[in-house]
Amino acid sequence: MSQDSPPDAAMQSVLPNSVGISLNACIKCNICVSYCPVSEVTDSFPGPKYAAPQSERFREFGYPYFQDPAGSNPPAPGRGRVPDASVDYCSGCRVCNEVCPTGVRIAEINARARALIVAAEGLSLRNRLLGRSDLLGRVGSVAPALANALLHHPLSRRLAAVLFGVAERAPLPRWHNETFSRWLKRTRSRRLRSERKVVYFHGCATQYYEPFVGMAAVLVLEHLGYEVVVPPQSCCGLPLLSNGEFSAAETYHRRNVAQFADYVQAGYPILGASTSCTLTLKEEAPELLDLEGDEGTQALKRNTWDIFEWLRERENQGQLPADLDPLNSGQEPFILPYHAPCQLRAHRIGKPALELLALIPGLDLRESHARCCGIAGTYGLKSEKYQIGMDVGAELFDFVAAQADTSDPAVQGSVSFTACDSETCRWQLEHGAGLPSRHPIELLAASYGLYDLQARQPLNEN
Amino acid sequence: MTDLLIIGAGLTGLFAACTAARAGLNVRVIAQGAGTTHWHAGTIDLLGYLPDGRQPVANWMQALGRLPPAHPYRLLGAASIANALDAFQQLAAAAGLPYERAAASIDSPGPSAPSQPIDREDDSRGHFTDIAPGRNGQLISPVGAGRPVFLAPQAQLAASLEDERPFLIIGFNGMTDFYPALIAENLRRQGRAARSASLPLSRLTSRRDHNTIQLARLLDQPAAQEKLIEMVSEAAASGERIGLPAVLGLKLHTRLLAKLNQASSARDRRKTPPGSPLQPSFSLFEIPTLPPSVPGMRLDASLRAQLTRLRVRVEIGMKVCGVRASGRRIEWIETETGSRPLRHTARNYLLATGGILGGGIRGDRCGRVKETVFDLPLTAPQTRSQWLRPLFLDKRGHPVFQGGVPVDTRFRPLGRDGAPVYDNLWAAGSVLAHTDPIRERSREGIAIATGFAAAHSVAKGQ
């Protein structure tokens, strides 16, 4: 819905938004408090009900920017108008939204409150850096080996902890020696050309740290007969949103809207294997940045899919190739603990990866009902929140351990991997459960005989 | 294909799902948020008050005839209700959360044996030995008032007001929304011997922010259990029965309860002069609290564990936003996601969304009252001035709360013409018309009995 004349700043500062107005639906039933994994393990966060709907009533009405109708240079919010710092301890996992029976957008209210704090008090260098995953990725990818040696050296981790407050033991990724784009370029001649096309949104993690997830996705999509188009793209902006830097996130988002506009117009689906990126394109950016009325944003939102959500549609239409082979060669069943991350559950599409992985013969899928792994993007990386993240994740780590418990005679088979749709969650899961973790698309690609699950690389090409 | 898609994850939806799955149907449950089970006292209230009655109902079976003819209980009859309750008791016992007759606790004095699994070969109600079928018990409410209850979890049985033993009501300093002195005072006003004590929470935990769920999780830990037993033993005098807030653990409360009872009978033996008769040892009970309600969450968790075993998926965070019907059949429904609506197709649909509180019925500012999923005809007044009587606590209740979806004897919603609106749509629970479950104290009875009946109607039609 584009308007000929944009509302003036004065109007905009009092316009309600769907997030803020949702607090009126809160009946203070405490279900969110019952499920909040963070307030369960720490006193630092007072719980979703107090931090979000109850406090929001006393804040500027749901609007993250302070816009003074009188002038273009907004003053910082006065005393008592800056949200209480405890709201920064919300991890943004959105479990509260999921269980809320009346539809209050609790996690988004918290994200807006954090943005208010950032607008008033500025941002630490650490949070500024953690929010810029694409920048970090790009810098490290210039010389990945050197970057890894530098970043992962115990001394530098100690320094990072002391100087920046990045937890010493937090699971940080390693730069890959080849970015996803470079792999695409190098293997261009082998890529499928077809009338049927999908667009792939790779996200920063696939681009710089785990290009093999993108490779697996491309191989599976090509196996279905689709050409995979990967246009130039920006970070989805989620790390910035969760660190309260809304204006920088808006720049990224608007860039993506422009970069994908032609494809969206042509009706190509935009697929992503990073479930938090696709969630941001679908909902987080439009809601938090007040872009719900923006036409381009709406079009991108409508065309964005989680890759398994889209594959499930193909399966429903009978278009999914059935040549799925067992992942195990021997007699032992392949036990796979699967955790649907919070960000995937926030899509509200069910658990499509679980439904499709169930098609792999001989796979003994175990569904985790844990609420959260604790990392919540960049939350669990921060020194003051690392232990909270690990305590939150204990529920999931225990679940994985129980599946692998060989002392239980009922456990037949071995657990070599876990599966999870989100990269940061996989890193946390590996850190906490001590088992390698894979994206479900890697398992599907392996089952199609296209991908080496152990070495994390495509088969029959390089 | 799904045989039965249940909309709503409260007691009605979850119990109907168990019932249908055990009858061999392929069942799925979707819901907008967690069920109102989280607000329940955890007891199964059958019928506590009649529409015009001021006195509590002593025996619900004998009172059925005095309900309006279209009341769901009248559609079912006493035998069907009793069958459903039997099935519920079996299911709960299998899940490790035994329920017993609230009126039974005084008729079978002595160490009320933690329920032996009931022999199902017996006549369905034969095990209620001396107690009249349908007789309610009287337990105490969070403020110490009498509360007519039919089935209670073991942890609440010793609260019976039919028992003459003196009360010691124990609370915790620092725990919100639980007032032992108020409860004791109200009990004394009813002619009971009662005193109260407040124990310092600091002996149990160093955390300062407490709610019922956090305390319950704390008391799942052996160290905290030992400390609590010690504190309770110090506070109690011989012959007293002890009421504690319902926080004695989420997973292991039966074990803690047994330990507390053991400690209490050992204490009684020590403190009683030799030769005097021993007091009954089942002397500890939980008093339900304001939400979040631990007994309600235990019930929810037990039902969900059973559903996992029955391979029924429960997906929450799904709000219905579209329905397609052709002729007298529902073709599909759609739920909101972060992007495009998600379609769900099933052979049958069961509406278990609850009443106004649960979100199944909503009134707007203009006085219209709507059923929120299928927009079914309601019996509720459609004029705002007729919603409520002038007195808030009017004994006759308020017309808007008595409105709901009228159904036939198979629990299919009826149209204005008195015929079923759809052949594959069913309704159960608080969404039904001609009952006011909160005021009647019949919420759980309505949920269990109508959910059971509707699930069987669907199974019969398959």
# chains A, B, ... in the order shown; residues from 1 in each chain; ligands from 1

call {"tool": "select_by_dssp", "arguments": {"residues": "stretch 119-289 of chain B", "states": "helix (DSSP H, G or I)", "output": "ChimeraX atom specification"}}
result
/B:154-159,180-189,201-203,212-218,222-235,253-271

call {"tool": "closest_atom_pairs", "arguments": {"of": "chain B", "to": "chain A", "cutoff": "9 Å", "atoms": "only C-alpha atoms", "output": "JSON lines"}}
result
{"residue": "B:Ala31", "atom": "CA", "partner": "A:Pro101", "partner_atom": "CA", "distance": 8.4}
{"residue": "B:Gln32", "atom": "CA", "partner": "A:Pro101", "partner_atom": "CA", "distance": 5.8}
{"residue": "B:Gly33", "atom": "CA", "partner": "A:Pro101", "partner_atom": "CA", "distance": 4.0}
{"residue": "B:Ala34", "atom": "CA", "partner": "A:Val99", "partner_atom": "CA", "distance": 4.8}
{"residue": "B:Gly35", "atom": "CA", "partner": "A:Pro101", "partner_atom": "CA", "distance": 7.2}
{"residue": "B:Thr36", "atom": "CA", "partner": "A:Pro101", "partner_atom": "CA", "distance": 8.2}
{"residue": "B:His38", "atom": "CA", "partner": "A:Ile31", "partner_atom": "CA", "distance": 6.7}
{"residue": "B:Trp39", "atom": "CA", "partner": "A:Cys29", "partner_atom": "CA", "distance": 7.4}
{"residue": "B:Arg207", "atom": "CA", "partner": "A:Asp43", "partner_atom": "CA", "distance": 6.7}
{"residue": "B:Arg208", "atom": "CA", "partner": "A:Asp43", "partner_atom": "CA", "distance": 7.0}
{"residue": "B:Asp209", "atom": "CA", "partner": "A:Asp43", "partner_atom": "CA", "distance": 6.1}
{"residue": "B:His210", "atom": "CA", "partner": "A:Asp43", "partner_atom": "CA", "distance": 8.9}
{"residue": "B:Asn211", "atom": "CA", "partner": "A:Val33", "partner_atom": "CA", "distance": 8.6}
{"residue": "B:Thr212", "atom": "CA", "partner": "A:Ser34", "partner_atom": "CA", "distance": 8.6}
{"residue": "B:Ile213", "atom": "CA", "partner": "A:Ser34", "partner_atom": "CA", "distance": 6.1}
{"residue": "B:Gln214", "atom": "CA", "partner": "A:Glu40", "partner_atom": "CA", "distance": 6.2}
{"residue": "B:Arg217", "atom": "CA", "partner": "A:Glu40", "partner_atom": "CA", "distance": 8.7}
{"residue": "B:Pro291", "atom": "CA", "partner": "A:Asn30", "partner_atom": "CA", "distance": 6.1}
{"residue": "B:Pro292", "atom": "CA", "partner": "A:Asn30", "partner_atom": "CA", "distance": 5.4}
{"residue": "B:Ser293", "atom": "CA", "partner": "A:Ser34", "partner_atom": "CA", "distance": 8.8}
{"residue": "B:Met297", "atom": "CA", "partner": "A:Ser34", "partner_atom": "CA", "distance": 8.8}
{"residue": "B:Glu315", "atom": "CA", "partner": "A:Gly350", "partner_atom": "CA", "distance": 6.5}
{"residue": "B:Ile316", "atom": "CA", "partner": "A:Glu98", "partner_atom": "CA", "distance": 6.5}
{"residue": "B:Gly317", "atom": "CA", "partner": "A:Glu98", "partner_atom": "CA", "distance": 4.6}
{"residue": "B:Met318", "atom": "CA", "partner": "A:Arg348", "partner_atom": "CA", "distance": 6.1}
{"residue": "B:Lys319", "atom": "CA", "partner": "A:Gly103", "partner_atom": "CA", "distance": 8.6}
{"residue": "B:Thr335", "atom": "CA", "partner": "A:Arg348", "partner_atom": "CA", "distance": 8.4}
{"residue": "B:Glu336", "atom": "CA", "partner": "A:Arg348", "partner_atom": "CA", "distance": 7.2}
{"residue": "B:Thr337", "atom": "CA", "partner": "A:Arg348", "partner_atom": "CA", "distance": 4.9}
{"residue": "B:Gly338", "atom": "CA", "partner": "A:His347", "partner_atom": "CA", "distance": 5.0}
{"residue": "B:Ser339", "atom": "CA", "partner": "A:Arg302", "partner_atom": "CA", "distance": 5.3}
{"residue": "B:Arg340", "atom": "CA", "partner": "A:Arg302", "partner_atom": "CA", "distance": 5.8}
{"residue": "B:Pro341", "atom": "CA", "partner": "A:Ile349", "partner_atom": "CA", "distance": 8.8}
{"residue": "B:Leu342", "atom": "CA", "partner": "A:Ile349", "partner_atom": "CA", "distance": 6.7}
{"residue": "B:Gly358", "atom": "CA", "partner": "A:Pro101", "partner_atom": "CA", "distance": 7.5}
{"residue": "B:Gly359", "atom": "CA", "partner": "A:Thr102", "partner_atom": "CA", "distance": 7.2}

call {"tool": "atom_distance", "arguments": {"atom1": "atom CA of B:Asn83", "atom2": "atom CA of B:Pro288"}}
result
26.7 Å

call {"tool": "residues_around", "arguments": {"residues": "B:Leu187", "least_positions_apart": "4", "cutoff": "12 Å", "atoms": "only C-alpha atoms", "output": "ChimeraX atom specification"}}
result
/B:139-146,159-161,164-169,180-183,191-196,243

call {"tool": "write_last_selection", "arguments": {"atoms": "C-alpha atoms", "output": "mmCIF file, in the first residue's frame"}}
result
data_model
loop_
_atom_site.group_PDB
_atom_site.id
_atom_site.type_symbol
_atom_site.label_atom_id
_atom_site.label_comp_id
_atom_site.auth_asym_id
_atom_site.auth_seq_id
_atom_site.Cartn_x
_atom_site.Cartn_y
_atom_site.Cartn_z
ATOM 1 C CA LEU B 139 -11.781 -29.326 48.463
ATOM 2 C CA ILE B 140 -10.452 -25.882 49.261
ATOM 3 C CA SER B 141 -9.882 -23.026 46.863
ATOM 4 C CA PRO B 142 -6.848 -20.688 46.744
ATOM 5 C CA VAL B 143 -8.614 -18.438 49.280
ATOM 6 C CA GLY B 144 -9.802 -21.243 51.528
ATOM 7 C CA ALA B 145 -13.411 -21.483 50.352
ATOM 8 C CA GLY B 146 -15.143 -24.788 49.681
ATOM 9 C CA ALA B 159 -7.744 -31.081 51.479
ATOM 10 C CA SER B 160 -11.233 -32.563 51.844
ATOM 11 C CA LEU B 161 -13.562 -30.418 53.920
ATOM 12 C CA GLU B 164 -12.365 -33.046 60.542
ATOM 13 C CA ARG B 165 -8.606 -32.891 61.033
ATOM 14 C CA PRO B 166 -7.118 -29.433 61.739
ATOM 15 C CA PHE B 167 -5.350 -27.553 58.990
ATOM 16 C CA LEU B 168 -1.906 -26.031 58.871
ATOM 17 C CA ILE B 169 -1.626 -23.857 55.781
ATOM 18 C CA PRO B 180 -1.735 -18.720 53.947
ATOM 19 C CA ALA B 181 -3.138 -16.450 56.677
ATOM 20 C CA LEU B 182 -6.141 -15.569 54.511
ATOM 21 C CA ILE B 183 -6.802 -19.217 53.720
ATOM 22 C CA GLY B 191 -15.730 -23.652 61.647
ATOM 23 C CA ARG B 192 -12.480 -25.494 60.950
ATOM 24 C CA ALA B 193 -9.424 -25.563 63.120
ATOM 25 C CA ALA B 194 -6.773 -23.907 61.008
ATOM 26 C CA ARG B 195 -3.555 -21.998 61.463
ATOM 27 C CA SER B 196 -0.956 -20.731 59.056
ATOM 28 C CA GLY B 243 -1.698 -27.515 52.895
#

call {"tool": "select_by_dssp", "arguments": {"residues": "stretch 219-393 of chain B", "states": "strand (DSSP E or B)", "output": "VMD selection string"}}
result
chain B and resid 241 to 245 284 to 287 313 to 316 320 to 326 329 to 335 342 to 344 346 to 351 361 to 363 369 to 371

call {"tool": "closest_residue", "arguments": {"among": "B:Ala184, B:Ala455, B:Val323, B:Leu310", "to": "B:Ala352", "atoms": "only C-alpha atoms"}}
result
B:Ala455

call {"tool": "residues_around", "arguments": {"residues": "A:Ser422", "least_positions_apart": "5", "cutoff": "7 Å", "atoms": "only C-alpha atoms", "output": "ChimeraX atom specification"}}
result
/A:274-276,341

call {"tool": "closest_residue", "arguments": {"among": "B:Met61, B:Leu260, B:Leu157, B:Leu290", "to": "B:Tyr99", "atoms": "only C-alpha atoms"}}
result
B:Leu157

call {"tool": "residues_around", "arguments": {"residues": "A:Cys372", "least_positions_apart": "2", "cutoff": "12 Å", "atoms": "only C-alpha atoms", "output": "ChimeraX atom specification"}}
result
/A:35-38,91-96,339-346,368-370,374-377,380,388-397,399,420,422,424-426,428-429

call {"tool": "atom_distance", "arguments": {"atom1": "atom CA of A:Val162", "atom2": "atom CA of A:Asn148"}}
result
19.1 Å

call {"tool": "atom_distance", "arguments": {"atom1": "atom CA of B:Leu199", "atom2": "atom CA of B:Asn173"}}
result
5.8 Å

call {"tool": "closest_residue", "arguments": {"among": "A:Ser133, A:Ser141, A:Asn328, A:Gly362", "to": "A:Gln454", "atoms": "only C-alpha atoms"}}
result
A:Asn328

call {"tool": "residues_around", "arguments": {"residues": "stretch 220-226 of chain B", "least_positions_apart": "4", "cutoff": "8 Å", "atoms": "only C-alpha atoms", "output": "short mmCIF file (atom, residue, chain, number, x, y, z; two decimals) with N, CA and C atoms, in the first residue's frame"}}
result
data_model
loop_
_atom_site.label_atom_id
_atom_site.label_comp_id
_atom_site.auth_asym_id
_atom_site.auth_seq_id
_atom_site.Cartn_x
_atom_site.Cartn_y
_atom_site.Cartn_z
N LEU B 204 15.48 -22.36 50.54
CA LEU B 204 15.39 -23.29 49.42
C LEU B 204 16.21 -22.84 48.22
N THR B 205 16.30 -21.54 48.03
CA THR B 205 16.92 -21.06 46.81
C THR B 205 17.52 -19.68 47.03
N ALA B 216 8.22 -25.03 41.32
CA ALA B 216 7.96 -26.44 41.03
C ALA B 216 9.19 -27.09 40.40
N GLU B 230 12.43 -30.92 55.66
CA GLU B 230 12.93 -30.46 56.94
C GLU B 230 12.13 -29.26 57.45
N LEU B 248 4.76 -28.47 44.22
CA LEU B 248 5.64 -29.55 44.69
C LEU B 248 6.32 -30.33 43.57
N GLY B 249 6.62 -29.65 42.48
CA GLY B 249 7.34 -30.33 41.40
C GLY B 249 6.49 -30.45 40.16
N LEU B 250 7.15 -30.35 39.01
CA LEU B 250 6.42 -30.52 37.75
C LEU B 250 6.44 -31.97 37.32
N LYS B 251 7.60 -32.62 37.53
CA LYS B 251 7.76 -33.98 37.01
C LYS B 251 7.68 -35.02 38.11
N LEU B 252 8.14 -34.67 39.29
CA LEU B 252 8.33 -35.71 40.31
C LEU B 252 7.49 -35.45 41.56
N HIS B 253 6.36 -34.74 41.41
CA HIS B 253 5.66 -34.32 42.63
C HIS B 253 5.12 -35.49 43.44
N LEU B 256 7.82 -36.53 45.86
CA LEU B 256 8.01 -35.58 46.96
C LEU B 256 6.85 -35.69 47.95
#

call {"tool": "residues_around", "arguments": {"residues": "B:Ser233", "least_positions_apart": "5", "cutoff": "9 Å", "atoms": "only C-alpha atoms", "output": "list in words"}}
result
Leu228, Leu260, Ala263, Ser264 and Arg267 of chain B

call {"tool": "write_last_selection", "arguments": {"atoms": "N, CA and C atoms", "output": "PDB file, in the first residue's frame"}}
result
ATOM      1  N   LEU B 228      12.920 -28.844  51.968  1.00  0.00           N
ATOM      2  CA  LEU B 228      11.494 -28.558  52.185  1.00  0.00           C
ATOM      3  C   LEU B 228      10.921 -29.504  53.246  1.00  0.00           C
ATOM      4  N   LEU B 260       7.054 -36.465  51.870  1.00  0.00           N
ATOM      5  CA  LEU B 260       6.504 -35.550  52.873  1.00  0.00           C
ATOM      6  C   LEU B 260       5.526 -36.285  53.789  1.00  0.00           C
ATOM      7  N   ALA B 263       7.483 -38.455  56.169  1.00  0.00           N
ATOM      8  CA  ALA B 263       8.076 -37.651  57.239  1.00  0.00           C
ATOM      9  C   ALA B 263       7.003 -37.260  58.244  1.00  0.00           C
ATOM     10  N   SER B 264       5.813 -36.959  57.747  1.00  0.00           N
ATOM     11  CA  SER B 264       4.746 -36.522  58.631  1.00  0.00           C
ATOM     12  C   SER B 264       4.257 -37.664  59.510  1.00  0.00           C
ATOM     13  N   ARG B 267       6.815 -38.268  62.185  1.00  0.00           N
ATOM     14  CA  ARG B 267       6.739 -37.204  63.189  1.00  0.00           C
ATOM     15  C   ARG B 267       5.579 -37.481  64.147  1.00  0.00           C
TER      16      ARG B 267
END

call {"tool": "closest_residue", "arguments": {"among": "B:Gly24, B:Gly134, B:Pro295, B:Gly415", "to": "B:Gly48", "atoms": "only C-alpha atoms"}}
result
B:Gly134

call {"tool": "closest_residue", "arguments": {"among": "A:Leu240, A:Cys204, A:Ala216, A:Val104", "to": "A:Pro48", "atoms": "only C-alpha atoms"}}
result
A:Val104

call {"tool": "closest_residue", "arguments": {"among": "A:Gln317, A:Asn127, A:Ser22, A:Ser55", "to": "A:Lys382", "atoms": "only C-alpha atoms"}}
result
A:Asn127
